[in-house]
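Structure file protein_26.txt (compact mmCIF, C-alpha atoms and all ligand atoms) is printed below.
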# COMPACT_ATOMS: atom_id res chain seq x y z
CA MET A 1 59.90 196.26 176.74
CA ILE A 2 56.46 197.69 177.39
CA ARG A 3 55.97 200.33 180.04
CA ILE A 4 52.61 201.68 181.12
CA GLU A 5 52.37 204.44 183.68
CA ASN A 6 49.22 205.54 185.39
CA LEU A 7 47.00 204.82 182.42
CA HIS A 8 43.46 206.16 182.49
CA MET A 9 40.82 205.60 179.85
CA ARG A 10 37.37 207.11 180.04
CA TYR A 11 34.88 206.28 177.31
CA ARG A 12 32.23 208.83 176.61
CA SER A 13 29.09 207.80 174.83
CA ALA A 14 25.41 208.74 174.62
CA GLN A 15 24.79 206.40 177.57
CA GLY A 16 27.26 208.30 179.73
CA GLU A 17 30.85 207.86 180.85
CA VAL A 18 32.71 204.68 181.66
CA ASP A 19 36.06 204.66 183.44
CA ALA A 20 37.38 201.50 181.78
CA VAL A 21 40.98 201.86 183.03
CA ARG A 22 41.66 203.72 186.26
CA GLY A 23 45.38 204.08 186.83
CA VAL A 24 47.13 200.99 185.45
CA SER A 25 50.92 200.85 185.72
CA LEU A 26 52.99 197.90 184.61
CA GLN A 27 56.23 196.91 183.01
CA VAL A 28 56.82 193.97 180.69
CA ALA A 29 60.52 193.16 180.55
CA GLU A 30 62.23 192.29 177.28
CA GLY A 31 61.24 188.78 176.23
CA GLN A 32 58.74 188.40 179.04
CA PHE A 33 55.25 186.88 178.77
CA TYR A 34 52.95 189.11 180.83
CA THR A 35 49.26 188.39 181.27
CA LEU A 36 46.37 190.63 182.25
CA LEU A 37 43.81 188.36 183.89
CA GLY A 38 40.37 189.38 185.06
CA PRO A 39 36.63 189.05 184.63
CA SER A 40 34.78 190.44 181.65
CA GLY A 41 34.60 194.22 181.65
CA CYS A 42 37.58 194.86 183.96
CA GLY A 43 39.49 196.83 181.31
CA LYS A 44 41.88 194.25 179.79
CA THR A 45 41.05 194.87 176.14
CA THR A 46 41.03 198.62 176.65
CA THR A 47 44.52 198.50 178.15
CA LEU A 48 45.78 196.41 175.22
CA ARG A 49 44.13 198.67 172.66
CA CYS A 50 45.78 201.70 174.26
CA VAL A 51 49.18 200.01 173.84
CA ALA A 52 48.37 199.18 170.21
CA GLY A 53 47.27 202.76 169.56
CA LEU A 54 43.69 201.80 168.74
CA GLU A 55 42.41 203.95 171.61
CA LYS A 56 43.64 207.31 172.77
CA PRO A 57 43.96 207.18 176.56
CA THR A 58 42.59 209.95 178.73
CA SER A 59 45.92 210.24 180.52
CA GLY A 60 49.11 208.41 181.37
CA GLU A 61 52.19 207.29 179.49
CA ILE A 62 53.02 204.25 177.36
CA GLY A 63 56.47 203.23 176.16
CA ILE A 64 57.39 200.47 173.72
CA GLY A 65 61.08 199.65 173.57
CA ASP A 66 62.92 202.96 173.77
CA HIS A 67 60.03 204.99 172.38
CA ILE A 68 57.29 206.83 174.15
CA VAL A 69 54.21 206.12 172.04
CA PHE A 70 51.75 207.94 174.24
CA SER A 71 52.14 210.65 176.83
CA SER A 72 49.38 212.97 177.92
CA ARG A 73 51.91 215.21 179.65
CA GLN A 74 54.12 215.55 176.57
CA ALA A 75 51.20 215.47 174.12
CA ILE A 76 52.58 212.43 172.28
CA HIS A 77 50.27 210.05 170.46
CA VAL A 78 51.97 207.82 167.90
CA PRO A 79 49.34 206.37 165.54
CA ALA A 80 48.73 202.62 165.54
CA HIS A 81 50.45 201.88 162.21
CA ARG A 82 53.67 203.53 163.39
CA ARG A 83 53.89 201.42 166.56
CA ASP A 84 56.11 198.39 166.44
CA VAL A 85 53.46 195.91 167.58
CA GLY A 86 51.73 192.82 166.26
CA MET A 87 48.23 192.15 167.54
CA VAL A 88 45.89 189.17 167.51
CA PHE A 89 42.26 189.68 168.44
CA GLN A 90 39.71 187.35 169.92
CA SER A 91 37.94 187.21 166.57
CA TYR A 92 40.92 186.45 164.36
CA ALA A 93 39.86 189.06 161.84
CA ILE A 94 41.29 187.14 158.93
CA TRP A 95 40.18 188.14 155.46
CA PRO A 96 37.83 185.46 154.08
CA HIS A 97 38.30 186.41 150.41
CA LEU A 98 42.08 185.86 150.55
CA ASN A 99 44.14 182.71 150.74
CA VAL A 100 46.55 181.94 153.56
CA PHE A 101 49.59 183.50 151.90
CA ASP A 102 47.81 186.74 151.02
CA ASN A 103 46.31 187.10 154.48
CA VAL A 104 49.83 187.38 155.84
CA ALA A 105 51.19 189.35 152.88
CA LEU A 106 48.52 192.06 152.72
CA PRO A 107 49.63 194.08 155.77
CA LEU A 108 53.21 193.92 154.47
CA ARG A 109 52.18 195.16 151.03
CA GLU A 110 50.03 197.96 152.40
CA GLY A 111 52.08 198.84 155.47
CA LYS A 112 54.03 202.01 156.09
CA LYS A 113 57.34 200.31 155.37
CA SER A 114 57.76 199.16 151.78
CA TYR A 115 59.17 195.74 151.04
CA SER A 116 60.21 194.21 147.72
CA GLY A 117 58.17 191.26 146.38
CA LYS A 118 60.98 188.92 147.31
CA GLU A 119 61.21 190.27 150.86
CA ILE A 120 57.49 189.86 151.30
CA GLU A 121 57.66 186.29 150.07
CA GLU A 122 60.45 185.50 152.53
CA LYS A 123 58.70 187.10 155.48
CA VAL A 124 55.37 185.43 154.73
CA ARG A 125 56.95 182.00 154.26
CA GLY A 126 58.99 182.48 157.44
CA ALA A 127 55.92 183.40 159.49
CA LEU A 128 53.81 180.56 158.06
CA HIS A 129 56.60 178.13 158.78
CA LEU A 130 56.72 179.32 162.40
CA VAL A 131 53.04 178.57 162.94
CA LYS A 132 53.21 175.32 160.95
CA LEU A 133 51.01 176.47 158.09
CA GLY A 134 53.78 176.29 155.48
CA ASP A 135 51.96 173.62 153.47
CA LEU A 136 48.67 175.49 153.26
CA GLU A 137 49.65 178.81 151.74
CA LYS A 138 47.32 178.48 148.73
CA ARG A 139 44.28 177.45 150.74
CA PRO A 140 41.41 179.96 151.02
CA ALA A 141 41.34 181.22 154.61
CA PRO A 142 37.73 180.13 155.35
CA PHE A 143 38.73 176.51 154.63
CA LEU A 144 41.02 176.42 157.65
CA SER A 145 39.97 174.91 160.97
CA GLY A 146 39.50 177.18 163.99
CA GLY A 147 42.96 176.36 165.31
CA GLN A 148 44.56 176.99 161.92
CA GLN A 149 42.77 180.33 161.55
CA GLN A 150 44.08 181.31 164.94
CA ARG A 151 47.63 180.38 163.87
CA LEU A 152 47.16 182.33 160.66
CA ALA A 153 46.24 185.42 162.67
CA LEU A 154 49.39 184.86 164.71
CA ALA A 155 51.53 184.51 161.56
CA ARG A 156 50.10 187.79 160.29
CA ALA A 157 50.95 189.52 163.54
CA LEU A 158 54.50 188.10 163.51
CA ALA A 159 55.36 188.63 159.82
CA ARG A 160 56.59 192.18 160.32
CA GLU A 161 58.80 190.95 163.15
CA PRO A 162 57.31 193.41 165.62
CA HIS A 163 59.07 194.38 168.81
CA VAL A 164 56.12 193.31 170.94
CA LEU A 165 53.16 190.99 170.55
CA LEU A 166 49.70 191.83 171.92
CA LEU A 167 47.23 188.96 172.21
CA ASP A 168 43.61 189.50 173.23
CA GLU A 169 41.95 186.22 174.28
CA PRO A 170 43.26 184.50 171.15
CA LEU A 171 42.17 181.05 172.30
CA SER A 172 38.65 181.72 173.49
CA ASN A 173 36.99 180.56 170.27
CA LEU A 174 38.68 177.17 170.28
CA ASP A 175 37.27 174.04 171.86
CA ALA A 176 38.82 172.85 175.12
CA LYS A 177 41.30 170.34 173.75
CA LEU A 178 42.52 172.52 170.93
CA ARG A 179 42.83 175.44 173.32
CA GLU A 180 45.14 173.41 175.49
CA GLU A 181 47.35 172.40 172.55
CA THR A 182 47.41 175.85 171.06
CA ARG A 183 48.35 177.59 174.29
CA LEU A 184 51.44 175.41 174.52
CA GLU A 185 52.28 176.14 170.88
CA ILE A 186 51.97 179.88 171.46
CA CYS A 187 54.17 179.61 174.56
CA ASP A 188 56.83 177.69 172.66
CA LEU A 189 56.73 180.05 169.75
CA VAL A 190 57.06 183.30 171.67
CA LYS A 191 59.82 181.84 173.83
CA GLN A 192 61.64 180.64 170.73
CA LEU A 193 61.36 184.11 169.21
CA GLY A 194 62.07 185.81 172.52
CA ILE A 195 59.34 188.32 171.74
CA THR A 196 57.93 190.52 174.50
CA THR A 197 54.28 189.55 174.88
CA LEU A 198 51.31 191.21 176.57
CA TYR A 199 48.49 188.68 176.79
CA VAL A 200 44.88 189.13 177.85
CA THR A 201 42.59 186.42 179.17
CA HIS A 202 39.76 185.74 181.61
CA ASP A 203 40.87 182.10 181.91
CA GLN A 204 42.93 181.59 185.05
CA ILE A 205 44.42 178.28 183.93
CA GLU A 206 45.63 179.86 180.71
CA ALA A 207 47.22 182.68 182.69
CA LEU A 208 48.92 180.33 185.15
CA VAL A 209 50.22 177.97 182.47
CA MET A 210 51.55 180.51 179.99
CA SER A 211 52.84 183.52 181.89
CA ASP A 212 56.02 184.71 183.48
CA VAL A 213 53.99 187.36 185.29
CA VAL A 214 50.25 187.57 185.90
CA ALA A 215 48.43 190.80 186.78
CA VAL A 216 44.94 190.31 188.14
CA MET A 217 42.63 193.16 187.19
CA SER A 218 39.35 194.27 188.66
CA MET A 219 37.30 197.31 187.73
CA GLY A 220 40.03 199.07 185.80
CA VAL A 221 42.93 198.53 188.18
CA ILE A 222 45.57 195.88 188.80
CA VAL A 223 44.89 194.36 192.22
CA GLN A 224 47.89 192.03 192.35
CA GLU A 225 50.84 191.24 190.15
CA GLY A 226 53.36 188.43 190.40
CA PRO A 227 54.61 185.08 189.12
CA PRO A 228 51.78 182.53 188.65
CA LYS A 229 52.71 180.50 191.71
CA GLU A 230 52.74 183.54 193.97
CA ILE A 231 49.38 184.74 192.64
CA TYR A 232 47.86 181.32 193.27
CA GLN A 233 49.46 180.53 196.60
CA SER A 234 49.70 183.96 198.19
CA PRO A 235 46.75 186.05 197.08
CA ARG A 236 46.58 189.27 199.07
CA GLU A 237 42.87 189.82 198.57
CA ARG A 238 39.79 187.69 198.57
CA PHE A 239 39.00 188.74 195.04
CA VAL A 240 42.30 187.31 193.75
CA ALA A 241 41.91 184.07 195.70
CA ASP A 242 38.35 183.66 194.51
CA PHE A 243 39.08 184.46 190.90
CA ILE A 244 42.02 182.11 190.62
CA GLY A 245 40.87 178.62 191.44
CA MET A 246 38.78 177.37 194.31
CA ALA A 247 39.40 178.57 197.85
CA ASN A 248 37.98 178.09 201.34
CA PHE A 249 37.67 181.10 203.59
CA ILE A 250 37.44 180.80 207.35
CA GLU A 251 36.77 183.88 209.45
CA GLY A 252 38.72 184.48 212.59
CA SER A 253 40.58 186.90 214.80
CA VAL A 254 44.28 186.95 215.59
CA GLU A 255 45.09 185.54 219.00
CA SER A 256 48.85 185.57 218.85
CA PRO A 257 50.73 187.07 215.93
CA GLY A 258 53.89 185.36 214.66
CA GLU A 259 57.14 186.59 216.16
CA GLU A 260 58.83 187.41 212.88
CA ASN A 261 57.95 187.73 209.21
CA GLY A 262 56.89 184.46 207.63
CA ALA A 263 56.28 182.76 210.98
CA THR A 264 52.88 181.33 211.74
CA GLY A 265 50.55 182.72 214.37
CA GLN A 266 47.35 181.60 216.08
CA VAL A 267 43.90 182.60 214.91
CA LYS A 268 40.71 181.94 216.82
CA THR A 269 37.86 180.72 214.62
CA ALA A 270 34.35 179.43 215.32
CA SER A 271 35.69 175.90 214.88
CA GLY A 272 38.71 176.27 217.13
CA ARG A 273 42.24 177.61 216.94
CA LEU A 274 44.16 177.51 213.68
CA ARG A 275 47.84 178.14 213.18
CA CYS A 276 48.45 180.02 209.95
CA LEU A 277 50.62 182.49 208.09
CA LEU A 278 49.64 186.03 209.04
CA PRO A 279 50.01 189.27 207.11
CA SER A 280 53.00 191.26 208.32
CA GLY A 281 52.21 193.73 211.05
CA SER A 282 49.29 191.68 212.41
CA ALA A 283 48.20 192.45 215.95
CA CYS A 284 46.08 190.64 218.50
CA GLY A 285 42.38 191.03 217.79
CA ASP A 286 42.75 191.76 214.06
CA SER A 287 39.92 190.34 211.98
CA VAL A 288 41.24 188.01 209.32
CA LEU A 289 40.08 185.58 206.69
CA ILE A 290 42.04 182.34 206.51
CA LEU A 291 42.45 181.04 203.00
CA VAL A 292 43.01 177.33 202.34
CA ARG A 293 42.99 175.66 198.93
CA PRO A 294 40.95 172.43 198.60
CA GLU A 295 43.98 170.43 197.43
CA ASP A 296 45.98 171.42 200.53
CA ILE A 297 43.58 169.90 203.04
CA THR A 298 44.16 166.30 204.03
CA LEU A 299 41.81 163.82 205.58
CA CYS A 300 42.25 162.08 208.93
CA HIS A 301 39.90 159.24 209.77
CA ASP A 302 40.40 159.61 213.46
CA ARG A 303 41.47 162.44 215.61
CA SER A 304 45.04 162.46 216.79
CA THR A 305 45.06 164.47 219.98
CA THR A 306 48.55 165.86 219.54
CA GLN A 307 47.98 167.42 216.18
CA GLU A 308 46.98 171.05 215.79
CA ASN A 309 44.90 172.46 212.90
CA VAL A 310 42.57 169.47 212.84
CA LEU A 311 38.87 170.25 212.48
CA PRO A 312 36.00 167.80 212.88
CA GLY A 313 33.35 167.67 210.17
CA ARG A 314 30.74 165.63 208.41
CA VAL A 315 30.82 164.73 204.72
CA GLU A 316 27.98 166.43 202.85
CA ILE A 317 28.74 165.89 199.18
CA VAL A 318 31.19 163.63 197.37
CA ALA A 319 31.54 164.17 193.63
CA PHE A 320 33.71 161.90 191.50
CA MET A 321 35.50 164.09 188.95
CA GLY A 322 37.61 161.45 187.22
CA ASP A 323 41.01 162.72 188.27
CA SER A 324 39.90 163.78 191.74
CA LEU A 325 37.19 163.61 194.35
CA ASP A 326 35.49 166.92 195.02
CA CYS A 327 34.31 166.71 198.57
CA GLN A 328 32.29 169.12 200.70
CA VAL A 329 32.54 168.77 204.44
CA MET A 330 30.37 170.60 206.95
CA VAL A 331 32.59 172.05 209.66
CA ASP A 332 30.32 173.66 212.25
CA SER A 333 28.05 175.68 210.05
CA GLN A 334 30.50 176.15 207.19
CA ILE A 335 31.13 174.05 204.10
CA VAL A 336 34.82 173.30 203.50
CA ARG A 337 35.78 171.97 200.09
CA MET A 338 38.53 169.43 199.64
CA LYS A 339 40.08 167.89 196.58
CA LEU A 340 41.09 164.31 197.23
CA HIS A 341 42.52 161.41 195.29
CA PRO A 342 39.71 159.68 193.34
CA ASP A 343 40.33 156.36 195.11
CA VAL A 344 39.63 157.74 198.58
CA ASP A 345 36.66 155.93 200.06
CA LEU A 346 34.17 158.40 201.52
CA SER A 347 30.46 158.47 201.88
CA ARG A 348 27.86 161.05 202.71
CA GLY A 349 27.24 161.56 206.39
CA GLN A 350 30.60 160.12 207.39
CA LYS A 351 32.39 161.80 210.26
CA VAL A 352 35.91 162.97 209.35
CA TRP A 353 38.71 165.19 210.59
CA LEU A 354 40.40 167.67 208.33
CA TYR A 355 44.02 168.63 208.68
CA LEU A 356 44.83 172.15 207.46
CA PRO A 357 48.64 172.42 207.22
CA PRO A 358 49.67 175.73 208.91
CA GLN A 359 52.02 176.69 206.06
CA ARG A 360 49.09 176.32 203.65
CA CYS A 361 46.71 178.45 205.71
CA ARG A 362 47.17 182.02 204.76
CA ALA A 363 45.37 184.79 206.56
CA ILE A 364 44.39 187.98 204.76
CA ARG A 365 42.94 191.07 206.40
CA ARG A 366 39.23 191.48 206.49
N1 LIG A 401 34.04 201.76 172.93
C1 LIG A 401 33.53 201.75 174.15
N2 LIG A 401 32.63 202.68 174.54
C2 LIG A 401 32.12 202.72 175.77
N3 LIG A 401 32.43 201.83 176.74
C3 LIG A 401 33.32 200.88 176.43
C4 LIG A 401 33.91 200.78 175.13
N4 LIG A 401 34.75 199.71 175.12
C5 LIG A 401 34.69 199.19 176.35
N5 LIG A 401 33.82 199.86 177.15
C6 LIG A 401 33.54 199.60 178.56
O1 LIG A 401 34.76 199.65 179.28
C7 LIG A 401 34.82 198.64 180.26
C8 LIG A 401 36.03 197.76 180.03
O2 LIG A 401 35.87 197.05 178.81
P1 LIG A 401 36.97 196.07 178.23
O3 LIG A 401 38.29 196.75 178.25
O4 LIG A 401 36.48 195.60 176.91
O5 LIG A 401 36.96 194.89 179.28
P2 LIG A 401 37.53 193.40 179.20
O6 LIG A 401 38.36 193.29 177.97
O7 LIG A 401 38.29 193.23 180.45
O8 LIG A 401 36.33 192.51 179.15
C9 LIG A 401 33.49 197.91 180.19
O9 LIG A 401 32.63 198.45 181.15
C10 LIG A 401 33.01 198.20 178.79
O10 LIG A 401 31.62 198.15 178.71
MG MG A 402 38.11 191.94 176.33

Let me see the structure of the file written as structure tokens.
Ligand SMILES: Nc1ncnc2c1ncn2[C@@H]1O[C@H](COP(=O)(O)OP(=O)(O)O)[C@@H](O)[C@H]1O
Ligand SMILES: [Mg+2]
Amino acid sequence: MIRIENLHMRYRSAQGEVDAVRGVSLQVAEGQFYTLLGPSGCGKTTTLRCVAGLEKPTSGEIGIGDHIVFSSRQAIHVPAHRRDVGMVFQSYAIWPHLNVFDNVALPLREGKKSYSGKEIEEKVRGALHLVKLGDLEKRPAPFLSGGQQQRLALARALAREPHVLLLDEPLSNLDAKLREETRLEICDLVKQLGITTLYVTHDQIEALVMSDVVAVMSMGVIVQEGPPKEIYQSPRERFVADFIGMANFIEGSVESPGEENGATGQVKTASGRLRCLLPSGSACGDSVLILVRPEDITLCHDRSTTQENVLPGRVEIVAFMGDSLDCQVMVDSQIVRMKLHPDVDLSRGQKVWLYLPPQRCRAIRR
């Protein structure tokens, strides 16, 4: 388990002060895969480095397993080499002058805990086997491909059988296809080992695919935390919706709030009334932003008069993406993006009606 409470980290340098982390609290349950997701500079690496003991936080508390490794209140700061963590960095930081075996063995030989030669051999072989590098132990590290170097870094982090694994954008140096393969391998491996993992990435797909829990960070704080599906489908803020995937936003004001929690209500927009899910406690007149994902909008070629949530528009741009059609429709003065099946026949200038399913229209406060 990893527990972070009210973590603050202020860097001081000649250029001035930077509040990199401003009150982060989180808990990674035993065996869980937890991801910090956010744009560059939001404090992900700093948070991870504080857990690893590579930075001394300004204040807060960090626990790993049953141990408090940092507490400003209790003046505890366990040094990095005494923390039971394995870490993989964005730059794999493998040693180019050593072969595969020795890259994994070195931290075991020089670590705090002393192992016999036979123990080291067993641990190294075990870790290399896990990452499928068992056949390459004699190869000089620079002669490995990018994906293999990344797996070597992982083997090195796992060899000591740490209690928790910390991964900082470990896939960002791989090309797209290899990244996709490797992220599945990492997922399989950590699940197989049942190791508690704190993962950092700026790639929303990576976060959605790999994680049990995603925490979206912005400017040193966590803005929303939850399972991937919840983060994607029910963002509570525009920032989260915008950062994770594509989203349409339609401004409006509440006309009639839903009777109970989870019920839909009516919102008045420039293009007409829309029924949508409202935040709890909404009242008439509240300003809201309706969020609809492009893949949730469907196309109607003619207007059925009985149906609600249908907006008229004109096709502006149709882009064939291979597996989908990315379509932009002008609705009044606003562009609405839709993701359609690639076989749908549409052309620029065509008049269409869009159906926005009420359960897929989620209003957030403005
Ligand atoms: N050693 C450092 N000294 C001063 N500022 C730093 C240092 N490391 C990071 N920062 C600043 O802290 C903020 C958060 O950085 P970082 O944690 O690396 O973000 P992320 O990993 O999310 O891209 C940034 O504004 C960055 O410039
Ligand atoms: Mg970083």

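In this comparison, which uses only C-alpha atoms and all ligand atoms, the residue of A:Val124, A:Val88, A:Val21, A:Val200 approaching ligand MG 402 (chain A) most closely is A:Val200.
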
Considering all atoms listed in the file, tabulate each residue of chain A that lies at most 9 Å from ligand MG 402 (chain A) along with its nearest interatomic pair and the corresponding distance in Å to one decimal; arrange the rows by chain and ascending residue number and present them as a tab-separated table.
residue	atom	partner	partner_atom	distance
A:Pro39	CA	A:MG402	MG	8.9
A:Ser40	CA	A:MG402	MG	6.5
A:Gly41	CA	A:MG402	MG	6.8
A:Cys42	CA	A:MG402	MG	8.2
A:Gly43	CA	A:MG402	MG	7.1
A:Lys44	CA	A:MG402	MG	5.6
A:Thr45	CA	A:MG402	MG	4.2
A:Thr46	CA	A:MG402	MG	7.3
A:Leu48	CA	A:MG402	MG	8.9
A:Gln90	CA	A:MG402	MG	8.0
A:Asp168	CA	A:MG402	MG	6.8
A:Glu169	CA	A:MG402	MG	7.2
A:Val200	CA	A:MG402	MG	7.5
A:Thr201	CA	A:MG402	MG	7.7
A:His202	CA	A:MG402	MG	8.3

Write a file of the selected residues as a short mmCIF file (atom, residue, chain, number, x, y, z; two decimals), in the coordinates of the input, keeping C-alpha atoms.
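Saved file selection-v9.cif follows:
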data_model
loop_
_atom_site.label_atom_id
_atom_site.label_comp_id
_atom_site.auth_asym_id
_atom_site.auth_seq_id
_atom_site.Cartn_x
_atom_site.Cartn_y
_atom_site.Cartn_z
CA PRO A 39 36.63 189.05 184.63
CA SER A 40 34.78 190.44 181.65
CA GLY A 41 34.60 194.22 181.65
CA CYS A 42 37.58 194.86 183.96
CA GLY A 43 39.49 196.83 181.31
CA LYS A 44 41.88 194.25 179.79
CA THR A 45 41.05 194.87 176.14
CA THR A 46 41.03 198.62 176.65
CA LEU A 48 45.78 196.41 175.22
CA GLN A 90 39.71 187.35 169.92
CA ASP A 168 43.61 189.50 173.23
CA GLU A 169 41.95 186.22 174.28
CA VAL A 200 44.88 189.13 177.85
CA THR A 201 42.59 186.42 179.17
CA HIS A 202 39.76 185.74 181.61
#

*For ligand LIG 401 (chain A), which of A:Gly220, A:Thr58, A:Val344, A:Gly86 is the closest residue, counting all atoms listed in the file?*
A:Gly220

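The neighbours of Leu346 (chain A) here are the residues that come within 8 Å of it, using only C-alpha atoms and leaving out any residue fewer than 2 positions away in the same chain; they are Val315, Val318, Val344, Arg348 and Gln350 of chain A.
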
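When only C-alpha atoms and all ligand atoms are used to measure the gap to ligand LIG 401 (chain A), the shortest distance among A:Asp326, A:Glu55, A:Asp102, A:Asp332 belongs to A:Glu55.
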
Around all the atoms of ligand LIG 401 (chain A) listed in the file, draw an axis-aligned box and extend it by 4 Å on each of the six sides; I want its centre and edge lengths in Å to one decimal, as AutoDock Vina command-line options.
--center_x 35.0 --center_y 197.6 --center_z 177.0 --size_x 14.7 --size_y 18.2 --size_z 16.2

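Closest approach to Ala215 (chain A) among A:Lys123, A:Lys132, A:Leu36, A:Ser114 is made by A:Leu36 (distances from all atoms listed in the file).
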
*Contacts of His77 (chain A) at 8 Å or less, counting all atoms listed in the file, minus same-chain residues fewer than 4 places along, as a VMD selection string?*
chain A and resid 53 56 69 to 71

*For a cut-off of 8 Å around (33.1, 170.4, 201.5), file coordinates, pick out all residues using only C-alpha atoms and list them as a PyMOL selection string.*
chain A and resi 315-317+326-330+335-338

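The residue that comes closest to Arg82 (chain A), out of A:Asn248, A:His163, A:Gly146, A:Leu136 and on the basis of only C-alpha atoms, is A:His163.
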
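Counting only C-alpha atoms and all ligand atoms, the residue from A:Ser271, A:Thr47, A:Gln192, A:Gln27 that sits nearest to ligand LIG 401 (chain A) is A:Thr47.
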